[in-house]
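J.: The structure's right below; bear with me while I get my questions together.
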Amino acid sequence: MAEEKLPTRAENFAEWYNQLVLKAELADYAPVRGCMVVRPYGWTLWENITAALDKRFRETGHVNAAFPTLIPMSFFEKEKEHVEGFSPELAVVTHGGGEKLEEPLVVRPTSETIIGYMYAKWIKSWRDLPVLINQWGSVLRWELRTKLFLRTAEFYWQEGHTAHATKEEAMEEMYRILDVYADFAINEAALPVIKGRKSESEKFAGAQITTSIEGMMQDKRALQSATSHYFGQNFAKAFEIQFVDQNNTLQFCETTSWGLSTRVIGAIIMTHGDDQGLVLPPRLAPIQAIIIPIYKNDAEKSKVMEVADRVFKELKAAGIRIKMDDRENVSSGFKFNDWEMRGVPVRVEIGPKDVEKGSVALARRDKPGREGKSFVPQTGLASTISLLLSEVQSSMLTKATANRDANIHDPKDYEELKKVVQDGWAFSYWCGSRECEAKVKEDTKATTRNMPLEGQPAEAGKCIVCGEKAEKKIYFAKAY
């Protein structure tokens, strides 16, 4: 399987992506249209993502809980914007136990409604606030066009839902979580994302403010990689989430929600992958180093395996996620290609000459060929590899950042913007009108991504579309 070559990214980026997800055994198509099976290698990657995020959520005072998959249809009718935003995507259960249900049940597309209902039961006083709950699970949205990890009908994610006494606290929560997402993306996934606020037309259904982290893929398209929303009192009023404040006055809560899904795996693939396959960031990679013993006969095998076993135990004891490929039925070349395709950050080769010299050969996945190869002593190998993994992690972020920055442009007028967004991002003044936003989308298929929170110009300018006064700049790009 690994010997069938992938199409190159230049030939067909979409097909390169699809085949890579299947060949690297990250996921497969399920028998239900638009759904996916996440295979063990992909699930381990997701577990490493969830562990890194969960640690951050707990450090900021959040706790985990679980809410039902089935939600009464009437709940979705309580928040008008929310139901309008989700109604085309709902999967509805009408029968159970062989009988028609009194009320249809929706397979959750997101949990604001069911959680709002529960918060209304639990919150009575200012002493009950804030409520900071996160849920790990899956949701179902009846997507028309699907792509493994990027957009599937069912996908896995976390969704945080919080309730606060004041607007200030809720806004602070929204931005705190946005910072958590950016910190995770940059430092764990080596994704140089941009934090910002979405336009009114691009915000989440029912939110007052939506913020996002946006990443640039190698084909220059944008990928919204996580979102954090401020709802104000929209859901609190719909579900009567109220509390008695310190002045003994009944008030509505201010709420937020925020989520990151398995879509981030798509971001990792498309930001870092090359024509040989995946290139996984060491901090998240299911396997950080692969040992490949090389020998021709039984005499060589016994000497090589003795060293390989010792090295394996040493690296494992040092906390490195290590695997030994001692398959007898495939060649060393096949193994090299196989693990390259799976994106393992470091390859450790041990042959008879290495045994004699007391060395091993190391190959970095992020720098294929001779450039990434080195010969190092077996002594102190665990610390050598740990340092190398850190170097690979930081090198991947540097490379992805350079690619992003090289493809963000500041067009001088609307005609230039139309050209720029065909193969890059435009960072331009925008007056804030839906009309100008819609015109760009109609003319180019590019959408607004976000207004970055950092790096905004000090002075106002002119809208790239209509020429009217504009206070801020926004990113325009084609997106997944």
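Chain labels follow the order of the structure tokens: the first chain is A, the next B, and so on; residue numbering restarts at 1 in every chain, and ligands are counted from 1 in their shown order.
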Hey, what's within 8 Å of segment 317-330 of chain A if we count only C-alpha atoms and toss same-chain stuff fewer than 4 positions away? As number ranges by chain, please?

T.: A: 286-293, 312-313, 334-335, 382, 386

J.: Write the selection just made, keeping N, CA and C atoms, as a PDB file, in the first residue's frame?

T.:
ATOM      1  N   PRO A 286       1.579  10.436  17.182  1.00  0.00           N
ATOM      2  CA  PRO A 286       1.343   9.178  17.922  1.00  0.00           C
ATOM      3  C   PRO A 286       2.645   8.433  18.213  1.00  0.00           C
ATOM      4  N   ILE A 287       3.552   8.418  17.212  1.00  0.00           N
ATOM      5  CA  ILE A 287       4.882   7.808  17.379  1.00  0.00           C
ATOM      6  C   ILE A 287       5.897   8.914  17.102  1.00  0.00           C
ATOM      7  N   GLN A 288       6.767   9.191  18.074  1.00  0.00           N
ATOM      8  CA  GLN A 288       7.746  10.271  17.884  1.00  0.00           C
ATOM      9  C   GLN A 288       9.015   9.782  17.197  1.00  0.00           C
ATOM     10  N   ALA A 289       9.369   8.533  17.433  1.00  0.00           N
ATOM     11  CA  ALA A 289      10.578   7.976  16.803  1.00  0.00           C
ATOM     12  C   ALA A 289      10.346   6.512  16.472  1.00  0.00           C
ATOM     13  N   ILE A 290      10.808   6.117  15.293  1.00  0.00           N
ATOM     14  CA  ILE A 290      10.676   4.724  14.842  1.00  0.00           C
ATOM     15  C   ILE A 290      12.071   4.119  14.711  1.00  0.00           C
ATOM     16  N   ILE A 291      12.277   2.956  15.321  1.00  0.00           N
ATOM     17  CA  ILE A 291      13.573   2.268  15.198  1.00  0.00           C
ATOM     18  C   ILE A 291      13.475   1.250  14.062  1.00  0.00           C
ATOM     19  N   ILE A 292      14.416   1.337  13.118  1.00  0.00           N
ATOM     20  CA  ILE A 292      14.453   0.354  12.033  1.00  0.00           C
ATOM     21  C   ILE A 292      15.792  -0.381  12.074  1.00  0.00           C
ATOM     22  N   PRO A 293      15.779  -1.643  12.552  1.00  0.00           N
ATOM     23  CA  PRO A 293      17.008  -2.448  12.542  1.00  0.00           C
ATOM     24  C   PRO A 293      17.291  -2.947  11.123  1.00  0.00           C
ATOM     25  N   PHE A 312      15.631   0.840  22.319  1.00  0.00           N
ATOM     26  CA  PHE A 312      14.178   0.944  22.470  1.00  0.00           C
ATOM     27  C   PHE A 312      13.803   1.159  23.940  1.00  0.00           C
ATOM     28  N   LYS A 313      14.379   0.326  24.829  1.00  0.00           N
ATOM     29  CA  LYS A 313      14.057   0.421  26.269  1.00  0.00           C
ATOM     30  C   LYS A 313      14.506   1.764  26.841  1.00  0.00           C
ATOM     31  N   PHE A 334      11.127  -0.139   2.097  1.00  0.00           N
ATOM     32  CA  PHE A 334       9.672  -0.082   2.257  1.00  0.00           C
ATOM     33  C   PHE A 334       9.326   0.546   3.603  1.00  0.00           C
ATOM     34  N   LYS A 335      10.049   0.115   4.648  1.00  0.00           N
ATOM     35  CA  LYS A 335       9.792   0.656   5.993  1.00  0.00           C
ATOM     36  C   LYS A 335      10.053   2.148   6.044  1.00  0.00           C
ATOM     37  N   ALA A 382      18.910   9.206  24.273  1.00  0.00           N
ATOM     38  CA  ALA A 382      17.590   9.718  24.663  1.00  0.00           C
ATOM     39  C   ALA A 382      17.590  11.245  24.683  1.00  0.00           C
ATOM     40  N   SER A 386      15.548  13.725  22.200  1.00  0.00           N
ATOM     41  CA  SER A 386      14.636  14.715  22.799  1.00  0.00           C
ATOM     42  C   SER A 386      14.926  16.114  22.266  1.00  0.00           C
TER      43      SER A 386
END

J.: List the neighbours of Gly116 of chain A out to 8 Å using only C-alpha atoms; skip same-chain residues closer than 3 positions along the sequence, and give me the result as a list of chain:residue names.

T.: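 Here the answer would be A:Glu112, A:Thr113, A:Tyr119, A:Ala120, A:Phe235, A:Ala236, A:Phe239, A:Ile241.
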
J.: Go ahead and save the residues from that selection, with C-alpha atoms, as a PDB file, in the first residue's frame.

T.:
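Generated file (result32.pdb):
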ATOM      1  CA  GLU A 112     -26.269  25.189  23.587  1.00  0.00           C
ATOM      2  CA  THR A 113     -29.948  24.327  23.925  1.00  0.00           C
ATOM      3  CA  TYR A 119     -28.160  25.644  33.521  1.00  0.00           C
ATOM      4  CA  ALA A 120     -31.610  27.163  34.135  1.00  0.00           C
ATOM      5  CA  PHE A 235     -29.622  31.919  25.238  1.00  0.00           C
ATOM      6  CA  ALA A 236     -30.160  32.970  28.847  1.00  0.00           C
ATOM      7  CA  PHE A 239     -33.933  29.236  28.394  1.00  0.00           C
ATOM      8  CA  ILE A 241     -31.053  31.106  32.870  1.00  0.00           C
TER       9      ILE A 241
END

J.: Enumerate as a PyMOL selection string all residues of segment 325-465 of chain A assigned to strand (DSSP E) by DSSP on the backbone, naming them with the chain letters and numbers the document uses.

T.: chain A and resi 346-350+359-364+373-377+408-409+425-430+447-448+451-452+461-462

J.: Okay, now the selection with C-alpha atoms, as an mmCIF file, in the first residue's frame?

T.:
data_model
loop_
_atom_site.group_PDB
_atom_site.id
_atom_site.type_symbol
_atom_site.label_atom_id
_atom_site.label_comp_id
_atom_site.auth_asym_id
_atom_site.auth_seq_id
_atom_site.Cartn_x
_atom_site.Cartn_y
_atom_site.Cartn_z
ATOM 1 C CA VAL A 346 12.481 10.900 13.721
ATOM 2 C CA ARG A 347 13.749 7.637 12.241
ATOM 3 C CA VAL A 348 16.470 5.696 14.085
ATOM 4 C CA GLU A 349 18.429 3.321 11.813
ATOM 5 C CA ILE A 350 20.682 0.674 13.350
ATOM 6 C CA SER A 359 26.464 4.974 16.732
ATOM 7 C CA VAL A 360 23.023 5.216 15.110
ATOM 8 C CA ALA A 361 21.741 7.086 12.049
ATOM 9 C CA LEU A 362 18.967 9.618 12.672
ATOM 10 C CA ALA A 363 16.690 10.930 9.917
ATOM 11 C CA ARG A 364 14.401 13.935 10.444
ATOM 12 C CA LYS A 373 20.348 12.818 8.270
ATOM 13 C CA SER A 374 22.989 12.621 11.003
ATOM 14 C CA PHE A 375 25.129 9.989 12.735
ATOM 15 C CA VAL A 376 25.243 10.218 16.523
ATOM 16 C CA PRO A 377 26.704 8.168 19.411
ATOM 17 C CA ILE A 408 -0.505 37.490 2.769
ATOM 18 C CA HIS A 409 -0.741 40.578 0.554
ATOM 19 C CA TRP A 425 -4.812 36.122 1.339
ATOM 20 C CA ALA A 426 -5.557 39.836 1.192
ATOM 21 C CA PHE A 427 -5.270 41.935 4.355
ATOM 22 C CA SER A 428 -7.326 45.013 3.576
ATOM 23 C CA TYR A 429 -9.369 47.841 5.042
ATOM 24 C CA TRP A 430 -13.085 46.998 5.164
ATOM 25 C CA THR A 447 -14.851 35.299 2.259
ATOM 26 C CA THR A 448 -13.830 37.429 5.217
ATOM 27 C CA MET A 451 -10.311 41.010 11.913
ATOM 28 C CA PRO A 452 -7.076 40.230 13.757
ATOM 29 C CA GLY A 461 -8.108 53.950 5.920
ATOM 30 C CA LYS A 462 -10.438 53.422 2.970
#

J.: Which one of A:Thr152, A:Thr256, A:Gln135, A:Ser212 sits closest to Thr166 of chain A if you count only C-alpha atoms?

T.: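 The shortest atom-to-atom distance to Thr166 of chain A comes from A:Thr256.
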
J.: Run DSSP on the backbone of this structure and report the residues of segment 169-361 of chain A it assigns to helix (DSSP H, G or I), as a PyMOL selection string.

T.: chain A and resi 169-187+200-202+234-239+263-272+298-317+332-341+352-357

J.: Using only C-alpha atoms, pick whichever of A:Gly196, A:Pro104, A:Pro281, A:Gly97 has the shortest atom-to-atom distance to Met73 of chain A.

T.: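 The answer is A:Pro104, which sits nearest to Met73 of chain A.
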
J.: What gap, in Å, lies between atom CA of Ala91 of chain A and atom CA of Val63 of chain A?

T.: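 Atom CA of Ala91 of chain A sits 28.7 Å away from atom CA of Val63 of chain A.
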
J.: Considering only C-alpha atoms, state which residue in the set A:Lys124, A:Gly160, A:Arg145, A:Val355 is at the smallest distance from Asp245 of chain A.

T.: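 Comparing A:Lys124, A:Gly160, A:Arg145, A:Val355 against Asp245 of chain A, the winner is A:Lys124.
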
J.: Find the residues around Tyr480 of chain A up to 8 Å (only C-alpha atoms counted), leave out those fewer than 3 positions away in its own chain, and share them as a PDB file with N, CA and C atoms, in the first residue's frame.

T.:
ATOM      1  N   LEU A 150     -12.161  17.444   7.568  1.00  0.00           N
ATOM      2  CA  LEU A 150     -12.457  18.862   7.352  1.00  0.00           C
ATOM      3  C   LEU A 150     -13.937  19.178   7.494  1.00  0.00           C
ATOM      4  N   ARG A 221      -5.428  28.280   0.969  1.00  0.00           N
ATOM      5  CA  ARG A 221      -6.796  28.434   1.479  1.00  0.00           C
ATOM      6  C   ARG A 221      -6.758  28.581   2.996  1.00  0.00           C
ATOM      7  N   ALA A 222      -7.786  29.251   3.517  1.00  0.00           N
ATOM      8  CA  ALA A 222      -7.897  29.421   4.965  1.00  0.00           C
ATOM      9  C   ALA A 222      -8.682  28.260   5.568  1.00  0.00           C
ATOM     10  N   LEU A 223      -8.364  27.960   6.816  1.00  0.00           N
ATOM     11  CA  LEU A 223      -9.137  26.960   7.552  1.00  0.00           C
ATOM     12  C   LEU A 223      -9.444  27.525   8.937  1.00  0.00           C
ATOM     13  N   GLN A 224     -10.735  27.702   9.214  1.00  0.00           N
ATOM     14  CA  GLN A 224     -11.148  28.119  10.561  1.00  0.00           C
ATOM     15  C   GLN A 224     -10.895  26.938  11.486  1.00  0.00           C
TER      16      GLN A 224
END

J.: Which residue, A:Met217, A:Leu388, A:Ala190, A:Val311, has the smallest gap to Gly358 of chain A when you use only C-alpha atoms?

T.: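 Going through A:Met217, A:Leu388, A:Ala190, A:Val311 one by one, the smallest distance to Gly358 of chain A is for A:Val311.
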
J.: Name all residues at most 8 Å from Ala189 of chain A (count only C-alpha atoms; drop same-chain ones fewer than 2 positions away) and give them as a PyMOL selection string.

T.: chain A and resi 184-187+191+268+281+283-284

J.: I'd like the contact shell of Pro282 of chain A - 8 Å cut-off, only C-alpha atoms, skipping same-chain residues fewer than 6 positions apart - returned as a list in words.

T.: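 Once the adjacent positions are removed, what remains is Gln288, Val344, Pro345, Leu389, Ser390, Val392 and Gln393 of chain A.
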
J.: Residues of the last selection are to be written out with N, CA and C atoms, as a PDB file, in the first residue's frame.

T.:
ATOM      1  N   GLN A 288       6.767   9.191  18.074  1.00  0.00           N
ATOM      2  CA  GLN A 288       7.746  10.271  17.884  1.00  0.00           C
ATOM      3  C   GLN A 288       9.015   9.782  17.197  1.00  0.00           C
ATOM      4  N   VAL A 344       6.162  10.140  10.964  1.00  0.00           N
ATOM      5  CA  VAL A 344       6.899   9.994  12.229  1.00  0.00           C
ATOM      6  C   VAL A 344       8.097  10.964  12.226  1.00  0.00           C
ATOM      7  N   PRO A 345       8.228  11.808  13.249  1.00  0.00           N
ATOM      8  CA  PRO A 345       9.234  12.881  13.232  1.00  0.00           C
ATOM      9  C   PRO A 345      10.691  12.437  13.097  1.00  0.00           C
ATOM     10  N   LEU A 389      13.783  16.327  18.643  1.00  0.00           N
ATOM     11  CA  LEU A 389      12.324  16.474  18.536  1.00  0.00           C
ATOM     12  C   LEU A 389      11.909  17.927  18.772  1.00  0.00           C
ATOM     13  N   SER A 390      12.547  18.582  19.736  1.00  0.00           N
ATOM     14  CA  SER A 390      12.257  20.009  19.994  1.00  0.00           C
ATOM     15  C   SER A 390      12.629  20.866  18.794  1.00  0.00           C
ATOM     16  N   VAL A 392      12.806  19.848  15.632  1.00  0.00           N
ATOM     17  CA  VAL A 392      11.852  19.575  14.548  1.00  0.00           C
ATOM     18  C   VAL A 392      10.568  20.380  14.779  1.00  0.00           C
ATOM     19  N   GLN A 393      10.085  20.370  16.035  1.00  0.00           N
ATOM     20  CA  GLN A 393       8.856  21.097  16.381  1.00  0.00           C
ATOM     21  C   GLN A 393       8.994  22.581  16.026  1.00  0.00           C
TER      22      GLN A 393
END

J.: Would you kindly return, as an mmCIF file with N, CA and C atoms, in the first residue's frame, each protein, DNA or RNA residue with an atom no farther than 7 Å from any atom of Pro130 of chain A, considering only C-alpha atoms and excluding same-chain residues fewer than 5 positions away?

T.:
data_model
loop_
_atom_site.group_PDB
_atom_site.id
_atom_site.type_symbol
_atom_site.label_atom_id
_atom_site.label_comp_id
_atom_site.auth_asym_id
_atom_site.auth_seq_id
_atom_site.Cartn_x
_atom_site.Cartn_y
_atom_site.Cartn_z
ATOM 1 N N ALA A 163 -21.438 30.156 31.980
ATOM 2 C CA ALA A 163 -22.433 31.159 32.386
ATOM 3 C C ALA A 163 -21.792 32.087 33.404
ATOM 4 N N HIS A 164 -22.061 33.389 33.255
ATOM 5 C CA HIS A 164 -21.404 34.409 34.080
ATOM 6 C C HIS A 164 -22.407 35.441 34.574
ATOM 7 N N ALA A 165 -21.983 36.182 35.612
ATOM 8 C CA ALA A 165 -22.847 37.216 36.188
ATOM 9 C C ALA A 165 -22.827 38.499 35.378
#

J.: Do you have the atom CA of Asp219 of chain A-atom CA of Asn48 of chain A distance handy?

T.: 26.1 Å

J.: Would you list the contacts of Thr249 of chain A as a PyMOL selection string, taking every protein, DNA or RNA residue within 12 Å and counting only C-alpha atoms, but skipping same-chain residues closer than 3 positions in sequence?

T.: chain A and resi 124-126+165+242-246+252

J.: Could the residues in this selection be saved with N, CA and C atoms as an mmCIF file, in the first residue's frame?

T.:
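File out.cif, as written:
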data_model
loop_
_atom_site.group_PDB
_atom_site.id
_atom_site.type_symbol
_atom_site.label_atom_id
_atom_site.label_comp_id
_atom_site.auth_asym_id
_atom_site.auth_seq_id
_atom_site.Cartn_x
_atom_site.Cartn_y
_atom_site.Cartn_z
ATOM 1 N N LYS A 124 -29.225 29.513 40.455
ATOM 2 C CA LYS A 124 -30.274 30.265 41.157
ATOM 3 C C LYS A 124 -29.733 31.578 41.738
ATOM 4 N N SER A 125 -28.467 31.559 42.147
ATOM 5 C CA SER A 125 -27.899 32.708 42.860
ATOM 6 C C SER A 125 -26.554 33.100 42.261
ATOM 7 N N TRP A 126 -26.114 34.333 42.552
ATOM 8 C CA TRP A 126 -24.784 34.786 42.116
ATOM 9 C C TRP A 126 -23.692 33.878 42.671
ATOM 10 N N ALA A 165 -21.983 36.182 35.612
ATOM 11 C CA ALA A 165 -22.847 37.216 36.188
ATOM 12 C C ALA A 165 -22.827 38.499 35.378
ATOM 13 N N GLN A 242 -31.423 32.375 34.918
ATOM 14 C CA GLN A 242 -31.458 33.576 35.745
ATOM 15 C C GLN A 242 -30.838 33.332 37.114
ATOM 16 N N PHE A 243 -30.408 34.425 37.736
ATOM 17 C CA PHE A 243 -29.836 34.323 39.086
ATOM 18 C C PHE A 243 -30.207 35.571 39.880
ATOM 19 N N VAL A 244 -30.254 35.415 41.190
ATOM 20 C CA VAL A 244 -30.475 36.554 42.074
ATOM 21 C C VAL A 244 -29.120 37.139 42.421
ATOM 22 N N ASP A 245 -28.924 38.436 42.095
ATOM 23 C CA ASP A 245 -27.603 39.041 42.323
ATOM 24 C C ASP A 245 -27.440 39.481 43.785
ATOM 25 N N GLN A 246 -26.314 40.144 44.086
ATOM 26 C CA GLN A 246 -26.016 40.526 45.473
ATOM 27 C C GLN A 246 -26.961 41.596 46.008
ATOM 28 N N PHE A 252 -30.540 38.038 34.209
ATOM 29 C CA PHE A 252 -30.207 36.975 33.247
ATOM 30 C C PHE A 252 -28.689 36.800 33.212
#

J.: Which is closest to Gly34 of chain A among A:Gln422, A:Thr60, A:Thr146, A:Thr162, if we use only C-alpha atoms?

T.: A:Thr146
